[in-house]
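Asks: Next comes the structure file final_2.cif, holding mmCIF, C-alpha atoms.
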data_structure
loop_
_atom_site.label_atom_id
_atom_site.label_comp_id
_atom_site.auth_asym_id
_atom_site.auth_seq_id
_atom_site.Cartn_x
_atom_site.Cartn_y
_atom_site.Cartn_z
CA MET A 1 19.58 -33.35 -83.11
CA ASP A 2 20.53 -30.25 -85.17
CA THR A 3 19.00 -26.83 -84.49
CA LEU A 4 16.66 -26.88 -87.48
CA SER A 5 15.22 -30.21 -86.38
CA ILE A 6 14.72 -28.96 -82.82
CA ALA A 7 12.96 -25.84 -84.04
CA ALA A 8 10.91 -27.71 -86.61
CA GLU A 9 9.39 -29.84 -83.85
CA ARG A 10 8.02 -26.71 -82.22
CA ILE A 11 6.24 -25.18 -85.22
CA ILE A 12 2.69 -24.15 -84.35
CA THR A 13 0.43 -24.32 -87.37
CA GLU A 14 -2.86 -22.81 -86.20
CA LEU A 15 -2.58 -19.38 -84.61
CA PRO A 16 -4.61 -17.80 -83.30
CA GLY A 17 -6.63 -20.81 -82.17
CA PRO A 18 -10.41 -20.77 -81.75
CA LYS A 19 -10.42 -19.65 -78.11
CA ALA A 20 -7.91 -16.91 -78.88
CA GLN A 21 -9.95 -15.74 -81.87
CA ALA A 22 -13.08 -15.47 -79.71
CA LEU A 23 -11.27 -13.36 -77.10
CA LEU A 24 -9.68 -11.14 -79.75
CA ALA A 25 -13.15 -10.41 -81.15
CA ARG A 26 -14.41 -9.44 -77.69
CA ASP A 27 -11.33 -7.29 -77.07
CA ALA A 28 -11.83 -5.34 -80.29
CA LYS A 29 -15.21 -4.12 -79.04
CA VAL A 30 -14.21 -2.82 -75.61
CA VAL A 31 -10.43 -2.22 -75.32
CA SER A 32 -8.53 0.82 -76.60
CA PRO A 33 -6.87 0.25 -79.99
CA SER A 34 -3.86 2.36 -78.94
CA TYR A 35 -1.88 -0.59 -77.59
CA PRO A 36 1.03 -1.47 -79.96
CA ARG A 37 0.32 -5.20 -80.32
CA ASP A 38 2.50 -7.20 -82.69
CA TYR A 39 0.82 -10.60 -82.81
CA PRO A 40 -2.27 -12.38 -81.45
CA PHE A 41 -0.92 -14.05 -78.31
CA VAL A 42 -3.70 -14.57 -75.75
CA MET A 43 -2.13 -15.73 -72.50
CA ASP A 44 -3.66 -18.34 -70.23
CA TYR A 45 -0.85 -19.01 -67.74
CA GLY A 46 2.91 -18.99 -67.37
CA HIS A 47 5.69 -20.65 -65.41
CA GLY A 48 9.25 -19.40 -65.35
CA ALA A 49 10.24 -18.42 -68.88
CA GLU A 50 7.44 -20.38 -70.53
CA VAL A 51 3.87 -19.30 -71.26
CA TRP A 52 0.78 -21.00 -72.66
CA ASP A 53 -2.06 -19.45 -74.62
CA VAL A 54 -5.76 -20.17 -74.15
CA ASP A 55 -5.63 -22.90 -76.81
CA GLY A 56 -2.81 -24.77 -75.07
CA ASN A 57 0.09 -23.64 -77.27
CA ARG A 58 3.42 -23.33 -75.45
CA PHE A 59 5.87 -20.49 -76.03
CA ILE A 60 9.28 -19.47 -74.70
CA ASP A 61 8.95 -15.91 -73.44
CA PHE A 62 11.85 -13.68 -74.47
CA ALA A 63 9.80 -10.52 -73.91
CA ALA A 64 8.91 -11.01 -70.22
CA GLY A 65 6.09 -8.48 -70.36
CA ILE A 66 8.62 -5.88 -71.60
CA ALA A 67 11.37 -6.86 -69.14
CA VAL A 68 8.90 -7.02 -66.23
CA THR A 69 8.69 -10.65 -65.06
CA SER A 70 12.25 -10.63 -63.77
CA THR A 71 11.89 -13.71 -61.57
CA GLY A 72 9.80 -15.56 -64.15
CA HIS A 73 6.07 -15.97 -64.43
CA ALA A 74 4.30 -16.75 -61.16
CA HIS A 75 7.43 -17.35 -59.11
CA PRO A 76 6.14 -19.27 -56.07
CA ALA A 77 8.03 -17.13 -53.54
CA VAL A 78 6.67 -13.91 -55.04
CA VAL A 79 3.15 -15.32 -55.28
CA ASN A 80 3.34 -16.48 -51.67
CA SER A 81 4.45 -13.01 -50.52
CA ILE A 82 1.47 -11.47 -52.29
CA LYS A 83 -0.98 -14.01 -50.84
CA GLN A 84 0.27 -13.61 -47.28
CA THR A 85 0.05 -9.84 -47.54
CA ALA A 86 -3.40 -9.91 -49.15
CA ASP A 87 -4.74 -11.89 -46.20
CA LYS A 88 -3.94 -8.91 -43.95
CA PHE A 89 -4.90 -5.83 -46.01
CA LEU A 90 -4.93 -4.72 -49.65
CA HIS A 91 -4.37 -0.99 -49.30
CA ILE A 92 -3.54 1.86 -47.00
CA SER A 93 -2.86 5.31 -48.43
CA SER A 94 0.47 7.10 -48.18
CA ASP A 95 -1.00 9.23 -45.37
CA TYR A 96 -0.09 6.33 -43.09
CA TYR A 97 2.68 3.75 -42.60
CA HIS A 98 3.15 0.01 -43.02
CA GLU A 99 5.90 -2.56 -42.60
CA HIS A 100 6.14 -3.61 -46.25
CA GLN A 101 6.90 -0.11 -47.49
CA VAL A 102 9.55 0.53 -44.84
CA LYS A 103 11.10 -2.89 -45.40
CA LEU A 104 11.34 -2.28 -49.15
CA GLY A 105 12.80 1.17 -48.58
CA GLU A 106 15.49 -0.40 -46.39
CA LYS A 107 16.26 -2.98 -49.08
CA LEU A 108 16.55 -0.31 -51.79
CA ASN A 109 18.88 1.66 -49.53
CA GLU A 110 21.00 -1.49 -49.30
CA VAL A 111 21.22 -2.14 -53.05
CA ALA A 112 21.25 1.42 -54.43
CA PRO A 113 24.36 2.33 -56.45
CA MET A 114 25.12 5.46 -54.40
CA ASP A 115 27.85 5.66 -51.77
CA GLU A 116 25.57 7.46 -49.32
CA PRO A 117 22.15 6.64 -47.85
CA VAL A 118 19.15 6.95 -50.15
CA MET A 119 15.45 7.56 -49.67
CA THR A 120 12.67 6.28 -51.93
CA PHE A 121 9.39 7.70 -53.19
CA PHE A 122 7.07 4.89 -54.28
CA ALA A 123 4.96 5.13 -57.43
CA ASN A 124 2.88 2.78 -59.57
CA SER A 125 4.83 2.65 -62.84
CA GLY A 126 7.95 3.72 -64.68
CA THR A 127 6.45 6.89 -66.11
CA GLU A 128 5.24 7.94 -62.64
CA ALA A 129 8.73 7.35 -61.28
CA VAL A 130 10.22 9.54 -64.00
CA GLU A 131 7.65 12.27 -63.30
CA GLY A 132 8.62 12.17 -59.63
CA ALA A 133 12.31 12.39 -60.46
CA LEU A 134 11.75 15.45 -62.65
CA LYS A 135 9.72 17.20 -59.97
CA LEU A 136 12.36 16.40 -57.35
CA ALA A 137 15.18 17.77 -59.52
CA ARG A 138 13.30 21.00 -60.18
CA TYR A 139 12.27 21.38 -56.56
CA VAL A 140 15.76 20.92 -55.14
CA THR A 141 17.82 22.80 -57.73
CA GLY A 142 15.37 25.64 -58.38
CA ARG A 143 16.19 25.20 -62.07
CA GLN A 144 13.69 24.51 -64.87
CA ARG A 145 15.49 22.99 -67.86
CA PHE A 146 16.44 19.41 -68.68
CA ILE A 147 18.52 17.53 -71.23
CA GLY A 148 17.32 14.24 -72.72
CA PHE A 149 18.54 11.93 -75.47
CA LEU A 150 17.29 11.12 -78.94
CA GLY A 151 15.97 7.57 -79.03
CA GLY A 152 15.10 7.62 -75.34
CA PHE A 153 11.92 6.20 -73.87
CA HIS A 154 10.82 7.41 -70.45
CA GLY A 155 7.05 6.99 -70.49
CA ARG A 156 3.89 8.45 -71.97
CA THR A 157 2.59 10.91 -69.37
CA MET A 158 3.13 14.55 -70.28
CA GLY A 159 6.36 15.15 -68.37
CA SER A 160 8.10 11.91 -69.29
CA LEU A 161 6.66 12.14 -72.82
CA ALA A 162 8.62 15.36 -73.29
CA PHE A 163 11.78 13.22 -73.13
CA THR A 164 10.48 10.19 -75.06
CA SER A 165 11.84 10.25 -78.60
CA SER A 166 12.24 6.66 -79.72
CA LYS A 167 9.34 7.03 -82.22
CA TYR A 168 7.52 10.19 -83.28
CA THR A 169 4.21 8.29 -83.06
CA GLN A 170 4.49 8.51 -79.27
CA GLN A 171 4.42 12.31 -79.47
CA ALA A 172 2.18 12.79 -82.50
CA GLY A 173 -1.03 14.59 -81.56
CA PHE A 174 0.05 15.42 -77.99
CA PHE A 175 2.01 18.67 -78.38
CA PRO A 176 2.77 20.65 -76.28
CA THR A 177 4.28 18.42 -73.65
CA MET A 178 6.29 19.70 -70.68
CA PRO A 179 8.48 22.61 -71.86
CA GLY A 180 12.17 22.99 -71.19
CA VAL A 181 13.58 19.72 -72.58
CA THR A 182 16.45 19.76 -75.08
CA HIS A 183 17.48 16.53 -76.82
CA VAL A 184 21.00 15.49 -77.82
CA PRO A 185 22.16 12.37 -79.68
CA TYR A 186 22.64 9.18 -77.68
CA PRO A 187 26.19 7.91 -78.34
CA ASN A 188 26.09 5.09 -80.87
CA ASN A 189 29.38 4.09 -82.46
CA TYR A 190 27.56 1.73 -84.87
CA ARG A 191 25.43 4.57 -86.25
CA PRO A 192 27.34 7.78 -85.41
CA VAL A 193 25.50 11.10 -85.57
CA LEU A 194 28.36 13.44 -84.67
CA ALA A 195 31.92 13.59 -85.98
CA GLY A 196 34.46 11.57 -84.04
CA ALA A 197 35.45 7.94 -83.55
CA ASP A 198 34.24 7.89 -79.93
CA GLN A 199 30.62 8.99 -79.92
CA GLY A 200 30.63 9.23 -76.15
CA GLU A 201 33.29 11.92 -76.25
CA ALA A 202 31.57 13.56 -79.23
CA VAL A 203 28.24 13.87 -77.41
CA LEU A 204 29.90 15.26 -74.28
CA ASN A 205 31.74 17.80 -76.40
CA TYR A 206 28.47 18.76 -78.13
CA ILE A 207 26.72 19.37 -74.81
CA GLU A 208 29.60 21.38 -73.35
CA ASN A 209 30.80 23.36 -76.34
CA VAL A 210 27.71 23.71 -78.51
CA LEU A 211 24.58 23.37 -76.39
CA PHE A 212 25.81 25.22 -73.31
CA LYS A 213 27.38 27.99 -75.40
CA SER A 214 24.56 28.59 -77.87
CA ILE A 215 21.09 27.70 -76.56
CA VAL A 216 20.92 26.14 -73.07
CA PRO A 217 22.55 27.96 -70.13
CA ALA A 218 24.12 25.25 -67.98
CA LYS A 219 23.12 27.14 -64.82
CA GLU A 220 19.45 26.68 -65.76
CA VAL A 221 19.64 22.89 -66.22
CA ALA A 222 18.13 20.92 -63.34
CA GLY A 223 18.98 17.46 -64.61
CA ILE A 224 20.19 15.24 -67.41
CA LEU A 225 17.92 12.21 -67.82
CA LEU A 226 19.14 9.12 -69.62
CA GLU A 227 18.91 5.36 -69.84
CA PRO A 228 22.36 3.91 -69.04
CA ILE A 229 21.60 1.34 -71.75
CA GLN A 230 18.98 2.70 -74.12
CA GLY A 231 15.91 0.48 -74.41
CA GLU A 232 13.27 1.36 -77.01
CA GLY A 233 15.92 3.24 -78.96
CA GLY A 234 17.66 -0.01 -79.92
CA TYR A 235 19.25 -1.61 -76.84
CA LEU A 236 22.25 0.64 -77.28
CA VAL A 237 25.26 0.25 -75.00
CA PRO A 238 27.22 3.53 -74.77
CA PRO A 239 31.00 3.75 -75.16
CA ASP A 240 32.82 3.20 -71.87
CA SER A 241 33.94 6.83 -71.65
CA PHE A 242 30.44 8.27 -71.81
CA LEU A 243 28.76 7.80 -68.43
CA PRO A 244 31.86 8.71 -66.37
CA GLY A 245 32.27 11.79 -68.57
CA LEU A 246 28.62 12.73 -68.14
CA ARG A 247 28.94 12.38 -64.37
CA GLU A 248 31.92 14.75 -64.40
CA LEU A 249 30.06 17.24 -66.60
CA CYS A 250 27.06 17.23 -64.24
CA ASP A 251 29.30 17.73 -61.20
CA ARG A 252 31.03 20.67 -62.84
CA HIS A 253 27.78 22.48 -63.59
CA GLY A 254 25.72 21.51 -60.55
CA ILE A 255 23.35 19.39 -62.66
CA MET A 256 21.61 16.28 -61.32
CA LEU A 257 22.32 13.04 -63.17
CA ILE A 258 19.08 11.05 -63.36
CA ALA A 259 19.46 7.41 -64.39
CA ASP A 260 16.30 5.87 -65.82
CA GLU A 261 16.78 2.20 -64.89
CA VAL A 262 13.14 1.27 -65.40
CA GLN A 263 14.13 -1.32 -68.00
CA SER A 264 17.84 -1.88 -67.33
CA GLY A 265 17.72 -2.22 -63.54
CA VAL A 266 17.04 -4.98 -61.00
CA GLY A 267 19.67 -7.42 -62.26
CA ARG A 268 18.74 -7.34 -65.95
CA THR A 269 22.28 -6.55 -67.13
CA GLY A 270 24.02 -8.94 -64.75
CA LYS A 271 24.46 -6.24 -62.13
CA MET A 272 21.74 -4.80 -59.91
CA TRP A 273 21.87 -1.51 -61.85
CA ALA A 274 23.32 -0.89 -65.31
CA VAL A 275 25.27 2.19 -64.13
CA GLU A 276 27.41 -0.15 -62.04
CA HIS A 277 29.09 -1.44 -65.21
CA TRP A 278 30.80 1.96 -65.42
CA GLY A 279 31.15 2.72 -61.72
CA VAL A 280 28.90 5.76 -62.03
CA GLN A 281 26.68 6.98 -59.21
CA PRO A 282 23.56 8.93 -60.20
CA ASP A 283 21.89 11.52 -58.02
CA ILE A 284 18.44 10.10 -58.72
CA LEU A 285 17.53 6.68 -60.09
CA THR A 286 14.14 5.49 -61.34
CA SER A 287 13.02 1.87 -61.20
CA ALA A 288 9.88 -0.06 -62.15
CA LYS A 289 9.25 -2.97 -64.58
CA GLY A 290 11.28 -5.87 -63.10
CA LEU A 291 11.09 -4.45 -59.59
CA GLY A 292 7.79 -6.15 -58.79
CA SER A 293 8.02 -9.31 -60.93
CA GLY A 294 4.77 -8.22 -62.61
CA MET A 295 3.12 -6.22 -59.85
CA PRO A 296 2.69 -2.50 -60.70
CA ILE A 297 5.31 -0.56 -58.76
CA GLY A 298 7.75 2.24 -59.47
CA ALA A 299 10.39 3.92 -57.36
CA VAL A 300 12.25 7.22 -57.29
CA ILE A 301 15.51 6.44 -55.47
CA ALA A 302 17.57 9.50 -54.57
CA ARG A 303 20.45 10.48 -52.37
CA LYS A 304 19.08 11.23 -48.92
CA SER A 305 20.60 14.72 -49.03
CA ILE A 306 18.38 15.39 -52.06
CA MET A 307 15.16 13.57 -51.15
CA GLU A 308 14.94 14.94 -47.62
CA GLN A 309 14.61 18.48 -49.00
CA TRP A 310 11.05 17.73 -50.12
CA LYS A 311 8.48 19.16 -47.72
CA PRO A 312 5.33 17.19 -46.75
CA GLY A 313 2.78 17.50 -49.53
CA ALA A 314 5.31 18.49 -52.19
CA HIS A 315 4.60 15.17 -53.92
CA GLY A 316 2.37 12.23 -53.13
CA ASN A 317 -0.08 9.68 -54.50
CA THR A 318 -2.85 7.32 -53.45
CA TYR A 319 -1.62 3.88 -54.46
CA GLY A 320 2.16 4.27 -54.28
CA GLY A 321 3.73 1.84 -51.83
CA ASN A 322 0.81 -0.57 -52.07
CA PRO A 323 1.47 -3.41 -49.58
CA LEU A 324 1.06 -6.23 -52.13
CA CYS A 325 3.42 -4.53 -54.56
CA CYS A 326 5.98 -3.76 -51.86
CA ALA A 327 5.93 -7.36 -50.64
CA ALA A 328 6.42 -8.63 -54.20
CA ALA A 329 9.26 -6.17 -54.81
CA PHE A 330 11.10 -7.08 -51.61
CA THR A 331 10.97 -10.79 -52.49
CA THR A 332 12.02 -9.99 -56.07
CA LEU A 333 15.11 -8.09 -54.90
CA GLU A 334 16.05 -10.94 -52.56
CA LEU A 335 15.79 -13.50 -55.37
CA VAL A 336 17.71 -11.30 -57.80
CA GLN A 337 20.46 -10.64 -55.26
CA GLN A 338 20.84 -14.27 -54.24
CA HIS A 339 20.40 -16.07 -57.57
CA TYR A 340 19.14 -14.38 -60.68
CA MET A 341 21.55 -11.49 -61.16
CA ALA A 342 24.39 -13.98 -61.51
CA ASN A 343 22.26 -16.15 -63.78
CA ALA A 344 21.51 -13.14 -65.99
CA ALA A 345 25.25 -12.54 -66.42
CA LYS A 346 25.91 -16.21 -67.17
CA MET A 347 23.02 -16.71 -69.59
CA GLY A 348 23.73 -13.35 -71.16
CA ASN A 349 27.27 -14.43 -71.99
CA TYR A 350 25.92 -17.64 -73.51
CA LEU A 351 23.31 -15.86 -75.63
CA LEU A 352 25.75 -13.19 -76.80
CA ALA A 353 28.20 -15.86 -77.94
CA GLU A 354 25.48 -17.84 -79.75
CA MET A 355 24.02 -14.72 -81.36
CA ASN A 356 27.44 -13.62 -82.57
CA ARG A 357 27.77 -17.10 -84.08
CA LEU A 358 24.49 -16.46 -85.91
CA ALA A 359 25.87 -13.09 -87.06
CA GLU A 360 28.73 -14.95 -88.74
CA LYS A 361 26.21 -17.23 -90.41
CA TYR A 362 23.71 -14.59 -91.58
CA ALA A 363 24.93 -11.38 -93.23
CA ILE A 364 21.61 -9.68 -92.50
CA ILE A 365 22.62 -9.43 -88.82
CA GLY A 366 24.52 -6.16 -88.55
CA GLN A 367 25.39 -6.10 -84.86
CA VAL A 368 24.75 -7.96 -81.62
CA ARG A 369 25.10 -5.91 -78.45
CA GLY A 370 24.06 -5.85 -74.82
CA LYS A 371 24.87 -6.81 -71.26
CA GLY A 372 23.38 -9.65 -69.27
CA LEU A 373 19.87 -10.48 -70.45
CA MET A 374 19.40 -7.13 -72.18
CA ILE A 375 20.53 -8.00 -75.70
CA GLY A 376 19.79 -6.39 -79.05
CA MET A 377 20.27 -7.93 -82.49
CA GLU A 378 20.21 -5.32 -85.25
CA PHE A 379 19.31 -6.36 -88.79
CA VAL A 380 20.54 -4.53 -91.89
CA GLU A 381 19.97 -4.98 -95.60
CA ASP A 382 23.73 -4.99 -96.09
CA ARG A 383 26.58 -4.43 -93.68
CA HIS A 384 28.22 -1.69 -95.73
CA SER A 385 25.29 0.73 -95.91
CA LYS A 386 23.76 -0.46 -92.63
CA LYS A 387 20.33 0.28 -94.07
CA PRO A 388 17.77 -0.91 -91.49
CA ALA A 389 16.02 -4.16 -92.50
CA LYS A 390 12.65 -3.12 -91.07
CA GLU A 391 10.47 -5.52 -93.05
CA PHE A 392 12.77 -8.44 -92.23
CA VAL A 393 12.47 -7.72 -88.51
CA ALA A 394 8.67 -7.58 -88.66
CA SER A 395 8.58 -10.87 -90.57
CA LEU A 396 11.09 -12.50 -88.23
CA ILE A 397 9.11 -11.61 -85.10
CA HIS A 398 6.01 -13.20 -86.63
CA GLU A 399 7.93 -16.25 -87.85
CA ALA A 400 9.38 -16.77 -84.37
CA PHE A 401 5.91 -16.44 -82.87
CA TYR A 402 4.57 -19.22 -85.07
CA ASN A 403 7.58 -21.29 -84.03
CA GLY A 404 6.82 -20.73 -80.34
CA LEU A 405 9.03 -17.81 -79.29
CA LEU A 406 7.79 -14.42 -78.08
CA LEU A 407 9.93 -11.45 -79.18
CA LEU A 408 9.60 -7.66 -79.36
CA PRO A 409 11.39 -5.07 -81.54
CA CYS A 410 13.14 -1.83 -80.65
CA GLY A 411 14.95 0.87 -82.57
CA GLU A 412 14.53 0.91 -86.33
CA SER A 413 15.42 -2.71 -87.02
CA THR A 414 16.52 -4.38 -83.80
CA ILE A 415 15.01 -7.32 -81.96
CA ARG A 416 15.47 -7.21 -78.21
CA PHE A 417 15.98 -10.30 -76.10
CA MET A 418 14.87 -9.78 -72.50
CA PRO A 419 13.79 -13.12 -71.00
CA PRO A 420 13.17 -13.62 -67.29
CA LEU A 421 16.40 -13.54 -65.30
CA MET A 422 15.93 -17.13 -64.11
CA LEU A 423 16.25 -18.41 -67.71
CA PRO A 424 17.64 -21.98 -67.68
CA LEU A 425 20.23 -23.15 -70.19
CA ALA A 426 17.84 -25.64 -71.83
CA LEU A 427 15.37 -22.89 -72.77
CA ALA A 428 18.19 -20.61 -73.90
CA GLU A 429 19.40 -23.37 -76.24
CA GLU A 430 15.88 -23.98 -77.52
CA ALA A 431 15.35 -20.27 -78.14
CA ILE A 432 18.59 -20.00 -80.14
CA ALA A 433 17.47 -22.95 -82.26
CA ILE A 434 14.15 -21.23 -82.97
CA ILE A 435 15.87 -17.94 -83.83
CA ASP A 436 18.26 -19.75 -86.18
CA HIS A 437 15.41 -21.61 -87.88
CA SER A 438 13.24 -18.50 -88.12
CA ILE A 439 15.97 -16.33 -89.69
CA ALA A 440 16.61 -19.02 -92.29
CA ALA A 441 12.89 -19.33 -93.00
CA VAL A 442 12.36 -15.58 -93.50
CA ALA A 443 15.55 -15.21 -95.56
CA SER A 444 14.39 -17.95 -97.92
CA LYS A 445 11.05 -16.29 -98.70
#
If you took the structure in this file and wrote it as structure tokens, what would it be?
Replies:
Amino acid sequence: MDTLSIAAERIITELPGPKAQALLARDAKVVSPSYPRDYPFVMDYGHGAEVWDVDGNRFIDFAAGIAVTSTGHAHPAVVNSIKQTADKFLHISSDYYHEHQVKLGEKLNEVAPMDEPVMTFFANSGTEAVEGALKLARYVTGRQRFIGFLGGFHGRTMGSLAFTSSKYTQQAGFFPTMPGVTHVPYPNNYRPVLAGADQGEAVLNYIENVLFKSIVPAKEVAGILLEPIQGEGGYLVPPDSFLPGLRELCDRHGIMLIADEVQSGVGRTGKMWAVEHWGVQPDILTSAKGLGSGMPIGAVIARKSIMEQWKPGAHGNTYGGNPLCCAAAFTTLELVQQHYMANAAKMGNYLLAEMNRLAEKYAIIGQVRGKGLMIGMEFVEDRHSKKPAKEFVASLIHEAFYNGLLLLPCGESTIRFMPPLMLPLALAEEAIAIIDHSIAAVASK
């Protein structure tokens, strides 16, 4: 059966259904309108990389709750860990100790990308983890300034929001945020901002020979915060020279390199951490999203020599290190280590090859990029001007939804593909068929 026939069999004609419509009406009365919702999917349950809405419609999930359900929806081993823990106790504050937190800390020490022991501060989300990393860097270095990257997304609380620059709407109405953050371009050879064929080298040169000489004293910079592969900014993979060069720059000036792996970590790129693709070791690493397979947990993972400088009371929280979340995270890391990291690399190679085949078929696809199951497909009105095809992307996401595939955008005109790491080949093939069919359908309108 050809791909168009496969996709055609999956077309859903009535969305949202009656049960979904009823819940949407209730939601509109009581839930904040600030959530950036793209289409009316009302979830009932999920299994693996498939989800069903309240009216019984089935979808393939290539959004995974924004790269969160790393082991798939309701993985039985994760669910069982949560249930067994819940039978004992639901909460104990960070004033005390419990086995699940220590056990998870030991596991993170095992898998961290540093060549020395690490210690972990547990939080409840990615933005909390970033806030903790910023406080730690300031506390240990005694410096106040930071460098971030244009297009970055690090959260929406006031410290992390100071770095977030993937869309101005995230900052609009909230100025002033935390002071002391200077942004530089993220290296993007497809859409270069600075002069030079290698944008990685160009950005490093800009930091060293423009920024540090004209506006930001290097001796006042506590840390450089970046996503090793930029998420909301467009699923951008930096040139190979960039991260090693940034590590060297930080070492030379006594600056902490902070890797925000909230979206790219925990096996998503085919390695446990994205920085491992370049052999770079950060001083501090933040994790969340896929760490708990859907349970709310974040982590600030730092070299022990850094973390142990914090004095009791310097930072803390009430819910961080929750036993249910720690149990889920430990099981998640075990599953990713043993099975799903390798599957992410394998399925990522398959999807990249198939998406590049689609790029040969459809001129509106400007570039396909990514590692593992963190893949971006950028759409352009024509390949010469590279003008972002924003309206096409919005239409394509909706078309795919009505054909049974959940997708999310990023950047100006990129669709990101971030399915659960356990994605089987059959669903990957079905998803490619739906994407193919949906592009053709939108292009013909």
Asks: For each of A:Val442, A:Ile224, A:Cys326, A:Val42, take the minimum atom-to-atom distance to Arg145 (chain A), counting all atoms listed in the file, then give the residue where this is smallest.
Replies: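 Smallest separation from Arg145 (chain A) among the options: A:Ile224.
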Asks: Excluding Thr182 (chain A) and any residue of its chain fewer than 5 positions from it, enumerate the residues within 7 Å of it, using only C-alpha atoms, and give them as a list of chain:residue names.
Replies: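 The residues satisfying every condition are A:Phe146, A:Ile147, A:Gly148.
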Asks: In Å, rounded to a single decimal, give me how far CA of Asp61 (chain A) is from CA of Tyr186 (chain A).
Replies: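 The value is 28.9 Å.
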Asks: Kindly extract all protein, DNA and RNA residues lying within 8 Å of the coordinates (18.3, -4.8, -85.0) given in the file, considering only C-alpha atoms, and supply them as a list in words.
Replies: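 Result, sorted by chain then residue number: Gly234, Ile365, Gly366, Gln367, Val368, Gly376, Met377, Glu378, Phe379, Val380, Pro388, Ala389, Val393, Pro409, Cys410, Gly411, Glu412, Ser413, Thr414, Ile415 and Arg416 of chain A.
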Asks: Around the point (-2.4, 3.1, -47.8) in the file's coordinates, collect all residues with an atom within 10 Å, using all atoms listed in the file, and return them as a list in words.
Replies: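 Protein, DNA and RNA residues close to (-2.4, 3.1, -47.8): Phe89, Leu90, His91, Ile92, Ser93, Ser94, Asp95, Tyr96, Tyr97, His98, Gln101, Asn317, Thr318, Tyr319, Gly320, Gly321, Asn322 and Pro323 of chain A.
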Asks: Distance CA of Gly200 (chain A)-CA of Gly245 (chain A), one decimal place?
Replies: 8.2 Å
Asks: Fewer than 5 positions away in the same chain doesn't count, so skip those; otherwise give me all residues within 6 Å of Leu407 (chain A), counting only C-alpha atoms, as a ChimeraX atom specification.
Replies: /A:62-63,397
Asks: Name all residues at most 9 Å from Asn343 (chain A) (count only C-alpha atoms; drop same-chain ones fewer than 4 positions away) and give them as a list in words.
Replies: Gly270, Val336, His339, Met347, Gly348, Gly372, Leu421, Met422, Leu423 and Pro424 of chain A
Asks: Considering all atoms listed in the file, can you say which of A:Leu246, A:Ala329, A:Ala433, A:Ala426 comes closest to Lys103 (chain A)?
Replies: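 Using all atoms listed in the file, the shortest distance to Lys103 (chain A) belongs to A:Ala329.
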Asks: If I take CA of Ser287 (chain A) and CA of Ala314 (chain A), how far is one from the other in Å, to one decimal?
Replies: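 These atoms are spaced 20.4 Å apart.
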Asks: For Ala344 (chain A), work out the shell of residues within 12 Å, counting all atoms listed in the file and skipping chain neighbours fewer than 6 positions away, then give it as a ChimeraX atom specification.
Replies: /A:70-71,264-272,336-338,350-352,370-375,417-425,428
Asks: Would you write out those residues with C-alpha atoms, as a PDB file, keeping the file's coordinate frame?
Replies:
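This is the output file selection.pdb:
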ATOM      1  CA  SER A  70      12.250 -10.630 -63.770  1.00  0.00           C
ATOM      2  CA  THR A  71      11.890 -13.710 -61.570  1.00  0.00           C
ATOM      3  CA  SER A 264      17.840  -1.880 -67.330  1.00  0.00           C
ATOM      4  CA  GLY A 265      17.720  -2.220 -63.540  1.00  0.00           C
ATOM      5  CA  VAL A 266      17.040  -4.980 -61.000  1.00  0.00           C
ATOM      6  CA  GLY A 267      19.670  -7.420 -62.260  1.00  0.00           C
ATOM      7  CA  ARG A 268      18.740  -7.340 -65.950  1.00  0.00           C
ATOM      8  CA  THR A 269      22.280  -6.550 -67.130  1.00  0.00           C
ATOM      9  CA  GLY A 270      24.020  -8.940 -64.750  1.00  0.00           C
ATOM     10  CA  LYS A 271      24.460  -6.240 -62.130  1.00  0.00           C
ATOM     11  CA  MET A 272      21.740  -4.800 -59.910  1.00  0.00           C
ATOM     12  CA  VAL A 336      17.710 -11.300 -57.800  1.00  0.00           C
ATOM     13  CA  GLN A 337      20.460 -10.640 -55.260  1.00  0.00           C
ATOM     14  CA  GLN A 338      20.840 -14.270 -54.240  1.00  0.00           C
ATOM     15  CA  TYR A 350      25.920 -17.640 -73.510  1.00  0.00           C
ATOM     16  CA  LEU A 351      23.310 -15.860 -75.630  1.00  0.00           C
ATOM     17  CA  LEU A 352      25.750 -13.190 -76.800  1.00  0.00           C
ATOM     18  CA  GLY A 370      24.060  -5.850 -74.820  1.00  0.00           C
ATOM     19  CA  LYS A 371      24.870  -6.810 -71.260  1.00  0.00           C
ATOM     20  CA  GLY A 372      23.380  -9.650 -69.270  1.00  0.00           C
ATOM     21  CA  LEU A 373      19.870 -10.480 -70.450  1.00  0.00           C
ATOM     22  CA  MET A 374      19.400  -7.130 -72.180  1.00  0.00           C
ATOM     23  CA  ILE A 375      20.530  -8.000 -75.700  1.00  0.00           C
ATOM     24  CA  PHE A 417      15.980 -10.300 -76.100  1.00  0.00           C
ATOM     25  CA  MET A 418      14.870  -9.780 -72.500  1.00  0.00           C
ATOM     26  CA  PRO A 419      13.790 -13.120 -71.000  1.00  0.00           C
ATOM     27  CA  PRO A 420      13.170 -13.620 -67.290  1.00  0.00           C
ATOM     28  CA  LEU A 421      16.400 -13.540 -65.300  1.00  0.00           C
ATOM     29  CA  MET A 422      15.930 -17.130 -64.110  1.00  0.00           C
ATOM     30  CA  LEU A 423      16.250 -18.410 -67.710  1.00  0.00           C
ATOM     31  CA  PRO A 424      17.640 -21.980 -67.680  1.00  0.00           C
ATOM     32  CA  LEU A 425      20.230 -23.150 -70.190  1.00  0.00           C
ATOM     33  CA  ALA A 428      18.190 -20.610 -73.900  1.00  0.00           C
TER      34      ALA A 428
END
